[in-house]
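Colleague: My structure file structure.cif, mmCIF, C-alpha atoms, is below:
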```cif
data_coords
loop_
_atom_site.label_atom_id
_atom_site.label_comp_id
_atom_site.auth_asym_id
_atom_site.auth_seq_id
_atom_site.Cartn_x
_atom_site.Cartn_y
_atom_site.Cartn_z
CA MET A 1 -25.47 -31.90 14.55
CA GLN A 2 -25.31 -32.78 18.23
CA THR A 3 -22.95 -29.87 18.94
CA LEU A 4 -25.39 -27.25 17.70
CA ILE A 5 -28.33 -28.86 19.50
CA GLU A 6 -26.38 -28.61 22.75
CA THR A 7 -25.56 -24.94 22.06
CA PRO A 8 -28.83 -23.30 21.01
CA SER A 9 -27.26 -19.84 21.15
CA LEU A 10 -25.26 -20.74 18.03
CA ILE A 11 -28.48 -21.69 16.25
CA VAL A 12 -29.92 -18.31 17.26
CA GLY A 13 -26.88 -16.63 15.70
CA LEU A 14 -27.27 -18.58 12.45
CA LEU A 15 -30.97 -17.70 12.31
CA ALA A 16 -30.13 -14.04 12.88
CA ILE A 17 -27.72 -14.08 9.93
CA ALA A 18 -30.34 -15.78 7.75
CA ALA A 19 -33.00 -13.24 8.77
CA VAL A 20 -30.77 -10.27 7.98
CA LEU A 21 -29.80 -11.76 4.60
CA VAL A 22 -33.43 -12.30 3.62
CA ALA A 23 -34.46 -8.84 4.84
CA GLY A 24 -31.54 -7.29 2.95
CA ILE A 25 -32.45 -9.03 -0.31
CA ILE A 26 -36.08 -7.91 0.00
CA SER A 27 -34.97 -4.34 0.73
CA ASP A 28 -32.63 -4.37 -2.28
CA ILE A 29 -35.41 -5.58 -4.57
CA ARG A 30 -37.70 -2.80 -3.35
CA GLN A 31 -34.93 -0.23 -3.75
CA LYS A 32 -34.24 -1.27 -7.33
CA ALA A 33 -37.96 -1.12 -8.16
CA ARG A 34 -38.11 2.54 -7.15
CA SER A 35 -37.22 5.37 -9.47
CA ALA A 36 -33.99 7.26 -8.83
CA GLU A 37 -35.97 10.14 -7.30
CA ASP A 38 -37.86 7.89 -4.88
CA ARG A 39 -34.83 6.00 -3.57
CA GLN A 40 -33.49 6.63 -0.10
CA PRO A 41 -30.59 9.10 0.11
CA VAL A 42 -27.33 7.17 0.07
CA ILE A 43 -26.20 8.65 3.38
CA ARG A 44 -29.32 7.18 4.99
CA GLN A 45 -28.55 3.81 3.41
CA TYR A 46 -25.02 3.98 4.81
CA ARG A 47 -26.34 4.58 8.32
CA LYS A 48 -28.98 1.87 8.05
CA THR A 49 -26.48 -0.67 6.70
CA GLY A 50 -23.87 0.25 9.30
CA LEU A 51 -26.30 -0.08 12.22
CA THR A 52 -27.58 -3.40 10.88
CA LEU A 53 -24.06 -4.80 10.50
CA TRP A 54 -22.98 -3.73 13.99
CA ALA A 55 -26.17 -5.12 15.55
CA LEU A 56 -25.73 -8.47 13.80
CA CYS A 57 -22.02 -8.58 14.63
CA LEU A 58 -22.64 -7.94 18.34
CA ALA A 59 -25.43 -10.52 18.32
CA CYS A 60 -23.06 -13.13 16.85
CA LEU A 61 -20.40 -12.32 19.45
CA ALA A 62 -22.99 -12.59 22.23
CA CYS A 63 -24.24 -15.94 20.94
CA TRP A 64 -20.66 -17.24 20.74
CA HIS A 65 -19.94 -16.07 24.30
CA VAL A 66 -23.14 -17.66 25.65
CA ALA A 67 -22.08 -20.92 24.00
CA GLY A 68 -18.97 -20.81 26.21
CA LEU A 69 -16.55 -20.94 23.29
CA PRO A 70 -13.25 -19.00 23.25
CA PHE A 71 -13.07 -15.93 21.04
CA GLY A 72 -9.72 -17.16 19.76
CA GLN A 73 -11.57 -19.99 18.05
CA LEU A 74 -13.67 -17.31 16.36
CA GLY A 75 -10.52 -15.82 14.84
CA LEU A 76 -10.12 -12.88 17.24
CA GLN A 77 -6.50 -13.69 17.95
CA ALA A 78 -3.16 -12.84 16.40
CA PRO A 79 -2.09 -14.97 13.42
CA ALA A 80 0.47 -17.63 14.29
CA GLY A 81 3.11 -19.70 12.53
CA TRP A 82 4.07 -19.64 8.87
CA GLY A 83 0.41 -19.41 7.92
CA GLY A 84 0.09 -16.25 9.98
CA ALA A 85 3.19 -14.77 8.35
CA LEU A 86 1.75 -15.52 4.92
CA ALA A 87 -1.59 -13.98 5.92
CA TRP A 88 0.15 -10.75 6.98
CA ALA A 89 2.19 -10.82 3.76
CA LEU A 90 -1.01 -11.01 1.72
CA ALA A 91 -2.47 -8.11 3.71
CA GLY A 92 0.71 -6.12 3.03
CA ALA A 93 0.49 -6.94 -0.67
CA ALA A 94 -3.12 -5.70 -0.67
CA ILE A 95 -2.01 -2.40 0.86
CA LEU A 96 0.72 -1.97 -1.77
CA TYR A 97 -1.73 -2.80 -4.54
CA GLY A 98 -4.16 -0.22 -3.18
CA LEU A 99 -1.48 2.47 -3.17
CA TYR A 100 -0.44 1.49 -6.70
CA SER A 101 -4.03 1.72 -7.93
CA LEU A 102 -4.50 5.16 -6.40
CA ILE A 103 -1.23 6.51 -7.79
CA THR A 104 -1.96 5.07 -11.24
CA ALA A 105 -5.44 6.62 -11.31
CA ALA A 106 -4.07 9.95 -10.12
CA LEU A 107 -1.29 10.17 -12.73
CA ASN A 108 -2.70 8.34 -15.75
CA ARG A 109 -5.71 9.84 -17.53
CA THR A 110 -6.25 6.75 -19.67
CA ALA A 111 -6.35 4.48 -16.63
CA ARG A 112 -8.62 6.96 -14.87
CA SER A 113 -11.03 7.09 -17.81
CA ALA A 114 -11.15 3.29 -18.03
CA LEU A 115 -11.84 3.08 -14.30
CA ARG A 116 -14.57 5.72 -14.59
CA THR A 117 -16.27 3.64 -17.28
CA GLN A 118 -16.10 0.53 -15.10
CA LEU A 119 -17.64 2.38 -12.15
CA ASP A 120 -20.39 3.86 -14.31
CA GLU A 121 -21.26 0.43 -15.71
CA ALA A 122 -21.05 -1.46 -12.39
CA GLU A 123 -24.52 -2.88 -11.74
CA GLY A 124 -26.09 -1.75 -8.49
CA PHE A 125 -23.25 0.59 -7.55
CA ASP A 126 -25.27 3.67 -8.46
CA GLN A 127 -27.51 2.94 -5.44
CA LEU A 128 -24.56 3.38 -3.06
CA ARG A 129 -22.26 5.68 -5.03
CA PRO A 130 -21.07 8.68 -2.98
CA ARG A 131 -21.09 12.08 -4.70
CA ARG A 132 -20.96 14.76 -2.00
CA LEU A 133 -18.29 15.20 0.68
CA SER A 134 -20.64 14.03 3.45
CA GLU A 135 -21.46 10.92 1.40
CA HIS A 136 -17.79 10.16 0.83
CA LEU A 137 -17.13 10.43 4.56
CA GLY A 138 -20.09 8.15 5.22
CA PHE A 139 -18.84 5.68 2.63
CA GLN A 140 -15.42 5.51 4.29
CA ALA A 141 -17.01 4.97 7.71
CA LEU A 142 -19.14 2.19 6.23
CA SER A 143 -16.01 0.65 4.66
CA ILE A 144 -14.39 0.30 8.08
CA THR A 145 -17.64 -1.01 9.54
CA ALA A 146 -18.02 -3.62 6.79
CA GLY A 147 -14.38 -4.68 7.11
CA ILE A 148 -14.77 -5.41 10.82
CA THR A 149 -18.34 -6.64 11.12
CA GLU A 150 -18.68 -8.72 7.94
CA GLU A 151 -15.46 -10.58 8.68
CA ILE A 152 -16.62 -11.39 12.20
CA ILE A 153 -20.06 -12.44 10.92
CA PHE A 154 -19.14 -14.47 7.83
CA ARG A 155 -15.56 -15.67 8.23
CA GLY A 156 -15.74 -15.62 12.01
CA PHE A 157 -19.02 -16.73 13.55
CA LEU A 158 -20.61 -18.38 10.50
CA MET A 159 -17.57 -20.34 9.36
CA ALA A 160 -16.50 -21.32 12.89
CA THR A 161 -20.02 -22.45 13.82
CA LEU A 162 -20.46 -24.53 10.68
CA ALA A 163 -16.98 -26.01 11.19
CA LEU A 164 -18.26 -27.59 14.40
CA VAL A 165 -20.54 -29.89 12.39
CA MET A 166 -18.83 -30.21 9.00
CA PRO A 167 -15.35 -30.20 7.43
CA ILE A 168 -13.72 -26.78 7.49
CA TRP A 169 -13.52 -26.59 3.69
CA VAL A 170 -17.28 -27.13 3.43
CA ALA A 171 -17.83 -24.42 6.06
CA ALA A 172 -15.54 -22.12 4.08
CA LEU A 173 -17.50 -22.72 0.86
CA ALA A 174 -20.76 -22.01 2.70
CA SER A 175 -19.29 -18.80 4.10
CA ILE A 176 -18.16 -17.69 0.64
CA SER A 177 -21.55 -18.49 -0.88
CA LEU A 178 -23.55 -16.59 1.73
CA PHE A 179 -21.18 -13.62 1.60
CA ILE A 180 -21.66 -13.43 -2.17
CA ILE A 181 -25.45 -13.72 -1.77
CA ALA A 182 -25.33 -10.83 0.72
CA HIS A 183 -24.00 -8.69 -2.14
CA ALA A 184 -26.73 -9.72 -4.59
CA TYR A 185 -27.71 -6.04 -5.00
CA GLN A 186 -24.62 -5.72 -7.24
CA GLY A 187 -26.15 -8.12 -9.76
CA LEU A 188 -24.52 -11.20 -11.23
CA SER A 189 -21.58 -9.26 -12.67
CA GLY A 190 -20.88 -7.63 -9.31
CA MET A 191 -21.14 -10.92 -7.45
CA LEU A 192 -18.62 -12.46 -9.84
CA ARG A 193 -16.40 -9.40 -9.49
CA ILE A 194 -16.09 -9.76 -5.70
CA LEU A 195 -15.63 -13.55 -5.82
CA PRO A 196 -11.79 -13.48 -6.11
CA ILE A 197 -11.27 -11.18 -3.12
CA THR A 198 -13.87 -13.16 -1.15
CA VAL A 199 -11.89 -16.35 -1.77
CA LEU A 200 -8.67 -14.49 -0.86
CA MET A 201 -10.04 -13.26 2.47
CA THR A 202 -11.34 -16.73 3.30
CA ALA A 203 -7.94 -18.26 2.47
CA VAL A 204 -6.20 -15.65 4.63
CA VAL A 205 -8.37 -16.59 7.63
CA LEU A 206 -7.77 -20.30 7.09
CA LEU A 207 -4.01 -19.79 6.72
CA GLY A 208 -3.45 -17.62 9.78
CA GLY A 209 -6.34 -18.72 11.97
CA SER A 210 -7.09 -15.04 12.51
CA LEU A 211 -9.57 -12.49 11.20
CA TRP A 212 -7.28 -9.46 11.54
CA PRO A 213 -5.42 -9.65 8.20
CA ALA A 214 -8.72 -10.30 6.41
CA ILE A 215 -10.31 -7.33 8.20
CA ILE A 216 -7.51 -5.10 6.90
CA ILE A 217 -7.89 -6.41 3.33
CA HIS A 218 -11.68 -6.07 3.43
CA ALA A 219 -11.75 -2.55 4.85
CA LEU A 220 -8.97 -1.47 2.48
CA ALA A 221 -10.78 -2.83 -0.60
CA ASP A 222 -13.99 -0.99 0.28
CA ALA A 223 -12.20 2.23 1.23
CA LEU A 224 -10.14 2.07 -1.97
CA ALA A 225 -13.32 1.87 -4.04
CA GLY A 226 -14.56 5.06 -2.38
CA CYS A 227 -11.24 6.83 -2.94
CA LEU A 228 -11.19 5.85 -6.61
CA VAL A 229 -14.74 7.14 -7.05
CA ALA A 230 -13.72 10.47 -5.50
CA LEU A 231 -10.61 10.65 -7.67
CA THR A 232 -12.33 9.87 -10.96
CA ASP A 233 -15.23 12.23 -10.23
CA ALA A 234 -12.88 15.07 -9.27
CA HIS A 235 -11.06 14.78 -12.62
CA ALA A 236 -14.14 14.08 -14.77
CA ARG A 237 -14.47 17.57 -16.29
CA ALA A 238 -10.75 18.06 -16.87
CA ASP A 239 -10.39 14.61 -18.45
CA GLN A 240 -13.37 15.24 -20.74
CA ALA A 241 -12.01 18.65 -21.72
CA MET A 242 -8.63 17.15 -22.65
CA ALA A 243 -10.32 14.37 -24.63
CA ASP A 244 -12.43 16.93 -26.51
CA GLN A 245 -9.34 19.03 -27.22
CA GLU A 246 -7.50 16.02 -28.63
CA VAL A 247 -10.44 15.32 -30.95
CA ALA A 248 -10.54 18.96 -32.05
CA ASP A 249 -6.81 19.04 -32.74
CA GLY A 250 -7.05 15.92 -34.91
CA PRO A 251 -4.32 13.28 -35.34
CA GLY A 252 -0.77 14.26 -34.65
CA GLU A 253 1.99 14.03 -37.18
CA ALA A 254 2.85 10.52 -36.14
CA ASP A 255 -0.75 9.40 -36.57
CA ALA A 256 -1.49 11.29 -39.79
CA LEU A 257 -2.11 9.31 -42.95
CA PRO A 258 0.46 9.67 -45.75
CA ALA A 259 -0.47 12.05 -48.56
#
```
Any chance you could give the structure as structure tokens?
Modeller:
Amino acid sequence: MQTLIETPSLIVGLLAIAAVLVAGIISDIRQKARSAEDRQPVIRQYRKTGLTLWALCLACLACWHVAGLPFGQLGLQAPAGWGGALAWALAGAAILYGLYSLITAALNRTARSALRTQLDEAEGFDQLRPRRLSEHLGFQALSITAGITEEIIFRGFLMATLALVMPIWVAALASISLFIIAHAYQGLSGMLRILPITVLMTAVVLLGGSLWPAIIIHALADALAGCLVALTDAHARADQAMADQEVADGPGEADALPA
């Protein structure tokens, strides 16, 4: 603990993260308690969240700089070695998976309908779900913001600071836990749903010693969610019309029961 006592700016950064987490949880509770008509417009929530994330991110960077520590130790450097190559490979795989998901949803009505059901049933997502063009643009801007700022905050400053006073794997677990708690507005099911990708992004940072591949994966995952929402909503009426037509037509010859 001596290291943190000698660098009070790092303690200030940790307290800032804790304060924003607590304030966010309180705000989410209040938001859920309101009726749908009384809730803040989603575009306003995007702006508020984006400004909060950038303010906290810059505060963490300032605290790290005041502590006299190199930004490379924070993860703001290029990945190196075989671990870095693997980290970039995982980021590339995430990009390919994102393209595959988009193409599948665009071409396959069954997959699109299943995805629509998942989005409709996702707890807490209705509070942030974009519906208009301006909201979709805001959601994409917030996706980039979250990809950059949350990685610097949680897998950069938080994990690097805790690693000064505890084993890196313990710091990583703490980072994962607090990141999941920060998404408590999604409910237990949503927190469990983002756990795998949270572990993946943490592993990527540990492997390559860099935040950049994780930033790409994070921003891509959030942006992909917005694109899939836009895609499923755009085809909602046509998909429902085709489903209704299939019901009206009855079973085909291959599905008909024998006389």
Colleague: Tell me which protein, DNA and RNA residues are within 12 Å of Ala122 of chain A, counting only C-alpha atoms, leaving out same-chain ones fewer than 6 positions away, and put them as a list of chain:residue names.
Modeller: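 Those residues are A:Leu115, A:Arg116, A:Leu128, A:Arg129, A:Tyr185, A:Gln186, A:Gly187, A:Leu188, A:Ser189, A:Gly190, A:Met191, A:Leu192, A:Arg193, A:Ile194, A:Ala225, A:Val229.
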Colleague: Could you pull the residues within 8 Å of Leu90 of chain A, counting only C-alpha atoms, minus those fewer than 3 positions along the same chain, as a PyMOL selection string?
Modeller: chain A and resi 86-87+93-94+204+213
Colleague: Listing only residues of segment 88-207 of chain A within 9 Å of segment 44-49 of chain A, what is the closest atom pair and its distance in Å (to one decimal) for each, using all atoms listed in the file, sorted by chain and residue number ascending, as a tab-separated table?
Modeller:
```
residue	atom	partner	partner_atom	distance
A:Gln127	CA	A:Gln45	CA	9.0
A:Leu128	CA	A:Gln45	CA	7.6
A:Glu135	CA	A:Tyr46	CA	8.5
A:Gly138	CA	A:Tyr46	CA	6.5
A:Phe139	CA	A:Tyr46	CA	6.8
A:Ala141	CA	A:Tyr46	CA	8.6
A:Leu142	CA	A:Tyr46	CA	6.3
A:Ala146	CA	A:Thr49	CA	9.0
```
Colleague: Please determine, counting all atoms listed in the file, which residue among A:Leu173, A:Ile43, A:Ala78, A:Ile11 has the shortest atom-to-atom distance to Val66 of chain A.
Modeller: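 Answer, going by the shortest atom-to-atom distance: A:Ile11.
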Colleague: Quick one: apply the PyMOL selection byres ((chain A and resi 201) around 9) to the file and drop the selected residues here as a list in words.
Modeller: Glu151, Arg155, Pro196, Ile197, Thr198, Val199, Leu200, Thr202, Ala203, Val204, Val205, Leu206, Leu211, Pro213, Ala214, Ile215, Ile217 and His218 of chain A
Colleague: Given the file above and the PyMOL selection byres ((chain A and resi 176) around 10), which residues are selected, and can you give them as a count of residues only?
Modeller: 20
Colleague: Considering all atoms listed in the file, state which residue in the set A:Leu74, A:Leu15, A:Ala106, A:Ala33 is at the smallest distance from Ala234 of chain A.
Modeller: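 Looking only at the distances to Ala234 of chain A, the closest residue turns out to be A:Ala106.
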Colleague: From the options A:Ser210, A:Gln118, A:Glu6, A:Leu58, which residue's atoms come nearest to Ala80 of chain A, counting all atoms listed in the file?
Modeller: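 Checking each candidate against Ala80 of chain A, we get A:Ser210 as the closest.
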Colleague: Counting all atoms listed in the file, which residue out of A:Ile148, A:Ala111, A:Ala184, A:Leu76 sits closest to Glu123 of chain A?
Modeller: A:Ala184
Colleague: Nearest to Gly208 of chain A among A:Leu231, A:Ala85, A:Leu96, A:Ile168, with distances taken over all atoms listed in the file: which residue is it?
Modeller: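 Of A:Leu231, A:Ala85, A:Leu96, A:Ile168, the one nearest Gly208 of chain A is A:Ala85, counting all atoms listed in the file.
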Colleague: Using all atoms listed in the file, find the one residue out of A:Asp249, A:Ala243, A:Cys60, A:Gly75 that sits nearest to Ser113 of chain A.
Modeller: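 Of A:Asp249, A:Ala243, A:Cys60, A:Gly75, the one nearest Ser113 of chain A, counting all atoms listed in the file, is A:Ala243.
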Colleague: How far is it from atom CA of Leu51 of chain A to atom CA of Ala91 of chain A, in Å with one decimal?
Modeller: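 Going from atom CA of Leu51 of chain A over to atom CA of Ala91 of chain A, I get 26.5 Å.
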Colleague: Go ahead and compute the interatomic distance for atom CA of Cys57 of chain A and atom CA of Glu150 of chain A, in Å to one decimal.
Modeller: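 If I compute the distance from atom CA of Cys57 of chain A to atom CA of Glu150 of chain A, I get 7.5 Å.
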Colleague: Can you tell me how far atom CA of Asp126 of chain A sits from atom CA of Thr149 of chain A, in Å to one decimal?
Modeller: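 Answer for the atom CA of Asp126 of chain A to atom CA of Thr149 of chain A separation: 23.2 Å.
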Colleague: Could you tell me, as number ranges by chain, exactly which residues end up selected when the PyMOL selection byres ((chain A and resi 10) around 12) is applied to this structure?
Modeller: A: 1, 3-9, 11-17, 59-69, 157-165
Colleague: Using C-alpha atoms, can you export the residues from the last selection as a PDB file, in the coordinates of the input?
Modeller:
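Now in part_4.pdb:
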```
ATOM      1  CA  MET A   1     -25.470 -31.900  14.550  1.00  0.00           C
ATOM      2  CA  THR A   3     -22.950 -29.870  18.940  1.00  0.00           C
ATOM      3  CA  LEU A   4     -25.390 -27.250  17.700  1.00  0.00           C
ATOM      4  CA  ILE A   5     -28.330 -28.860  19.500  1.00  0.00           C
ATOM      5  CA  GLU A   6     -26.380 -28.610  22.750  1.00  0.00           C
ATOM      6  CA  THR A   7     -25.560 -24.940  22.060  1.00  0.00           C
ATOM      7  CA  PRO A   8     -28.830 -23.300  21.010  1.00  0.00           C
ATOM      8  CA  SER A   9     -27.260 -19.840  21.150  1.00  0.00           C
ATOM      9  CA  ILE A  11     -28.480 -21.690  16.250  1.00  0.00           C
ATOM     10  CA  VAL A  12     -29.920 -18.310  17.260  1.00  0.00           C
ATOM     11  CA  GLY A  13     -26.880 -16.630  15.700  1.00  0.00           C
ATOM     12  CA  LEU A  14     -27.270 -18.580  12.450  1.00  0.00           C
ATOM     13  CA  LEU A  15     -30.970 -17.700  12.310  1.00  0.00           C
ATOM     14  CA  ALA A  16     -30.130 -14.040  12.880  1.00  0.00           C
ATOM     15  CA  ILE A  17     -27.720 -14.080   9.930  1.00  0.00           C
ATOM     16  CA  ALA A  59     -25.430 -10.520  18.320  1.00  0.00           C
ATOM     17  CA  CYS A  60     -23.060 -13.130  16.850  1.00  0.00           C
ATOM     18  CA  LEU A  61     -20.400 -12.320  19.450  1.00  0.00           C
ATOM     19  CA  ALA A  62     -22.990 -12.590  22.230  1.00  0.00           C
ATOM     20  CA  CYS A  63     -24.240 -15.940  20.940  1.00  0.00           C
ATOM     21  CA  TRP A  64     -20.660 -17.240  20.740  1.00  0.00           C
ATOM     22  CA  HIS A  65     -19.940 -16.070  24.300  1.00  0.00           C
ATOM     23  CA  VAL A  66     -23.140 -17.660  25.650  1.00  0.00           C
ATOM     24  CA  ALA A  67     -22.080 -20.920  24.000  1.00  0.00           C
ATOM     25  CA  GLY A  68     -18.970 -20.810  26.210  1.00  0.00           C
ATOM     26  CA  LEU A  69     -16.550 -20.940  23.290  1.00  0.00           C
ATOM     27  CA  PHE A 157     -19.020 -16.730  13.550  1.00  0.00           C
ATOM     28  CA  LEU A 158     -20.610 -18.380  10.500  1.00  0.00           C
ATOM     29  CA  MET A 159     -17.570 -20.340   9.360  1.00  0.00           C
ATOM     30  CA  ALA A 160     -16.500 -21.320  12.890  1.00  0.00           C
ATOM     31  CA  THR A 161     -20.020 -22.450  13.820  1.00  0.00           C
ATOM     32  CA  LEU A 162     -20.460 -24.530  10.680  1.00  0.00           C
ATOM     33  CA  ALA A 163     -16.980 -26.010  11.190  1.00  0.00           C
ATOM     34  CA  LEU A 164     -18.260 -27.590  14.400  1.00  0.00           C
ATOM     35  CA  VAL A 165     -20.540 -29.890  12.390  1.00  0.00           C
TER      36      VAL A 165
END
```
Colleague: Could you please fill out segment 210-223 of chain A with N, CA, C and O atoms and send it back as a PDB file, in the frame of the given file?
Modeller:
```
ATOM      1  N   SER A 210      -6.757 -16.332  11.926  1.00  0.00           N
ATOM      2  CA  SER A 210      -7.090 -15.040  12.510  1.00  0.00           C
ATOM      3  C   SER A 210      -7.881 -14.197  11.511  1.00  0.00           C
ATOM      4  O   SER A 210      -7.665 -14.279  10.298  1.00  0.00           O
ATOM      5  N   LEU A 211      -8.772 -13.370  12.044  1.00  0.00           N
ATOM      6  CA  LEU A 211      -9.570 -12.490  11.200  1.00  0.00           C
ATOM      7  C   LEU A 211      -8.865 -11.169  10.887  1.00  0.00           C
ATOM      8  O   LEU A 211      -9.231 -10.480   9.925  1.00  0.00           O
ATOM      9  N   TRP A 212      -7.843 -10.807  11.656  1.00  0.00           N
ATOM     10  CA  TRP A 212      -7.280  -9.460  11.540  1.00  0.00           C
ATOM     11  C   TRP A 212      -6.704  -9.131  10.174  1.00  0.00           C
ATOM     12  O   TRP A 212      -7.002  -8.048   9.631  1.00  0.00           O
ATOM     13  N   PRO A 213      -5.895  -9.987   9.555  1.00  0.00           N
ATOM     14  CA  PRO A 213      -5.420  -9.650   8.200  1.00  0.00           C
ATOM     15  C   PRO A 213      -6.563  -9.512   7.197  1.00  0.00           C
ATOM     16  O   PRO A 213      -6.540  -8.626   6.330  1.00  0.00           O
ATOM     17  N   ALA A 214      -7.575 -10.374   7.314  1.00  0.00           N
ATOM     18  CA  ALA A 214      -8.720 -10.300   6.410  1.00  0.00           C
ATOM     19  C   ALA A 214      -9.515  -9.014   6.648  1.00  0.00           C
ATOM     20  O   ALA A 214     -10.041  -8.416   5.696  1.00  0.00           O
ATOM     21  N   ILE A 215      -9.615  -8.582   7.895  1.00  0.00           N
ATOM     22  CA  ILE A 215     -10.310  -7.330   8.200  1.00  0.00           C
ATOM     23  C   ILE A 215      -9.607  -6.165   7.513  1.00  0.00           C
ATOM     24  O   ILE A 215     -10.255  -5.271   6.940  1.00  0.00           O
ATOM     25  N   ILE A 216      -8.276  -6.165   7.553  1.00  0.00           N
ATOM     26  CA  ILE A 216      -7.510  -5.100   6.900  1.00  0.00           C
ATOM     27  C   ILE A 216      -7.752  -5.119   5.392  1.00  0.00           C
ATOM     28  O   ILE A 216      -7.997  -4.073   4.773  1.00  0.00           O
ATOM     29  N   ILE A 217      -7.680  -6.300   4.781  1.00  0.00           N
ATOM     30  CA  ILE A 217      -7.890  -6.410   3.330  1.00  0.00           C
ATOM     31  C   ILE A 217      -9.296  -5.959   2.955  1.00  0.00           C
ATOM     32  O   ILE A 217      -9.483  -5.217   1.987  1.00  0.00           O
ATOM     33  N   HIS A 218     -10.283  -6.393   3.724  1.00  0.00           N
ATOM     34  CA  HIS A 218     -11.680  -6.070   3.430  1.00  0.00           C
ATOM     35  C   HIS A 218     -11.932  -4.567   3.541  1.00  0.00           C
ATOM     36  O   HIS A 218     -12.493  -3.949   2.617  1.00  0.00           O
ATOM     37  N   ALA A 219     -11.532  -3.979   4.654  1.00  0.00           N
ATOM     38  CA  ALA A 219     -11.750  -2.550   4.850  1.00  0.00           C
ATOM     39  C   ALA A 219     -10.996  -1.737   3.804  1.00  0.00           C
ATOM     40  O   ALA A 219     -11.513  -0.736   3.282  1.00  0.00           O
ATOM     41  N   LEU A 220      -9.774  -2.175   3.474  1.00  0.00           N
ATOM     42  CA  LEU A 220      -8.970  -1.470   2.480  1.00  0.00           C
ATOM     43  C   LEU A 220      -9.634  -1.522   1.109  1.00  0.00           C
ATOM     44  O   LEU A 220      -9.687  -0.511   0.394  1.00  0.00           O
ATOM     45  N   ALA A 221     -10.152  -2.682   0.721  1.00  0.00           N
ATOM     46  CA  ALA A 221     -10.780  -2.830  -0.600  1.00  0.00           C
ATOM     47  C   ALA A 221     -11.987  -1.906  -0.722  1.00  0.00           C
ATOM     48  O   ALA A 221     -12.175  -1.235  -1.744  1.00  0.00           O
ATOM     49  N   ASP A 222     -12.813  -1.848   0.319  1.00  0.00           N
ATOM     50  CA  ASP A 222     -13.990  -0.990   0.280  1.00  0.00           C
ATOM     51  C   ASP A 222     -13.599   0.486   0.292  1.00  0.00           C
ATOM     52  O   ASP A 222     -14.163   1.306  -0.454  1.00  0.00           O
ATOM     53  N   ALA A 223     -12.639   0.841   1.154  1.00  0.00           N
ATOM     54  CA  ALA A 223     -12.200   2.230   1.230  1.00  0.00           C
ATOM     55  C   ALA A 223     -11.540   2.667  -0.081  1.00  0.00           C
ATOM     56  O   ALA A 223     -11.720   3.806  -0.532  1.00  0.00           O
TER      57      ALA A 223
END
```
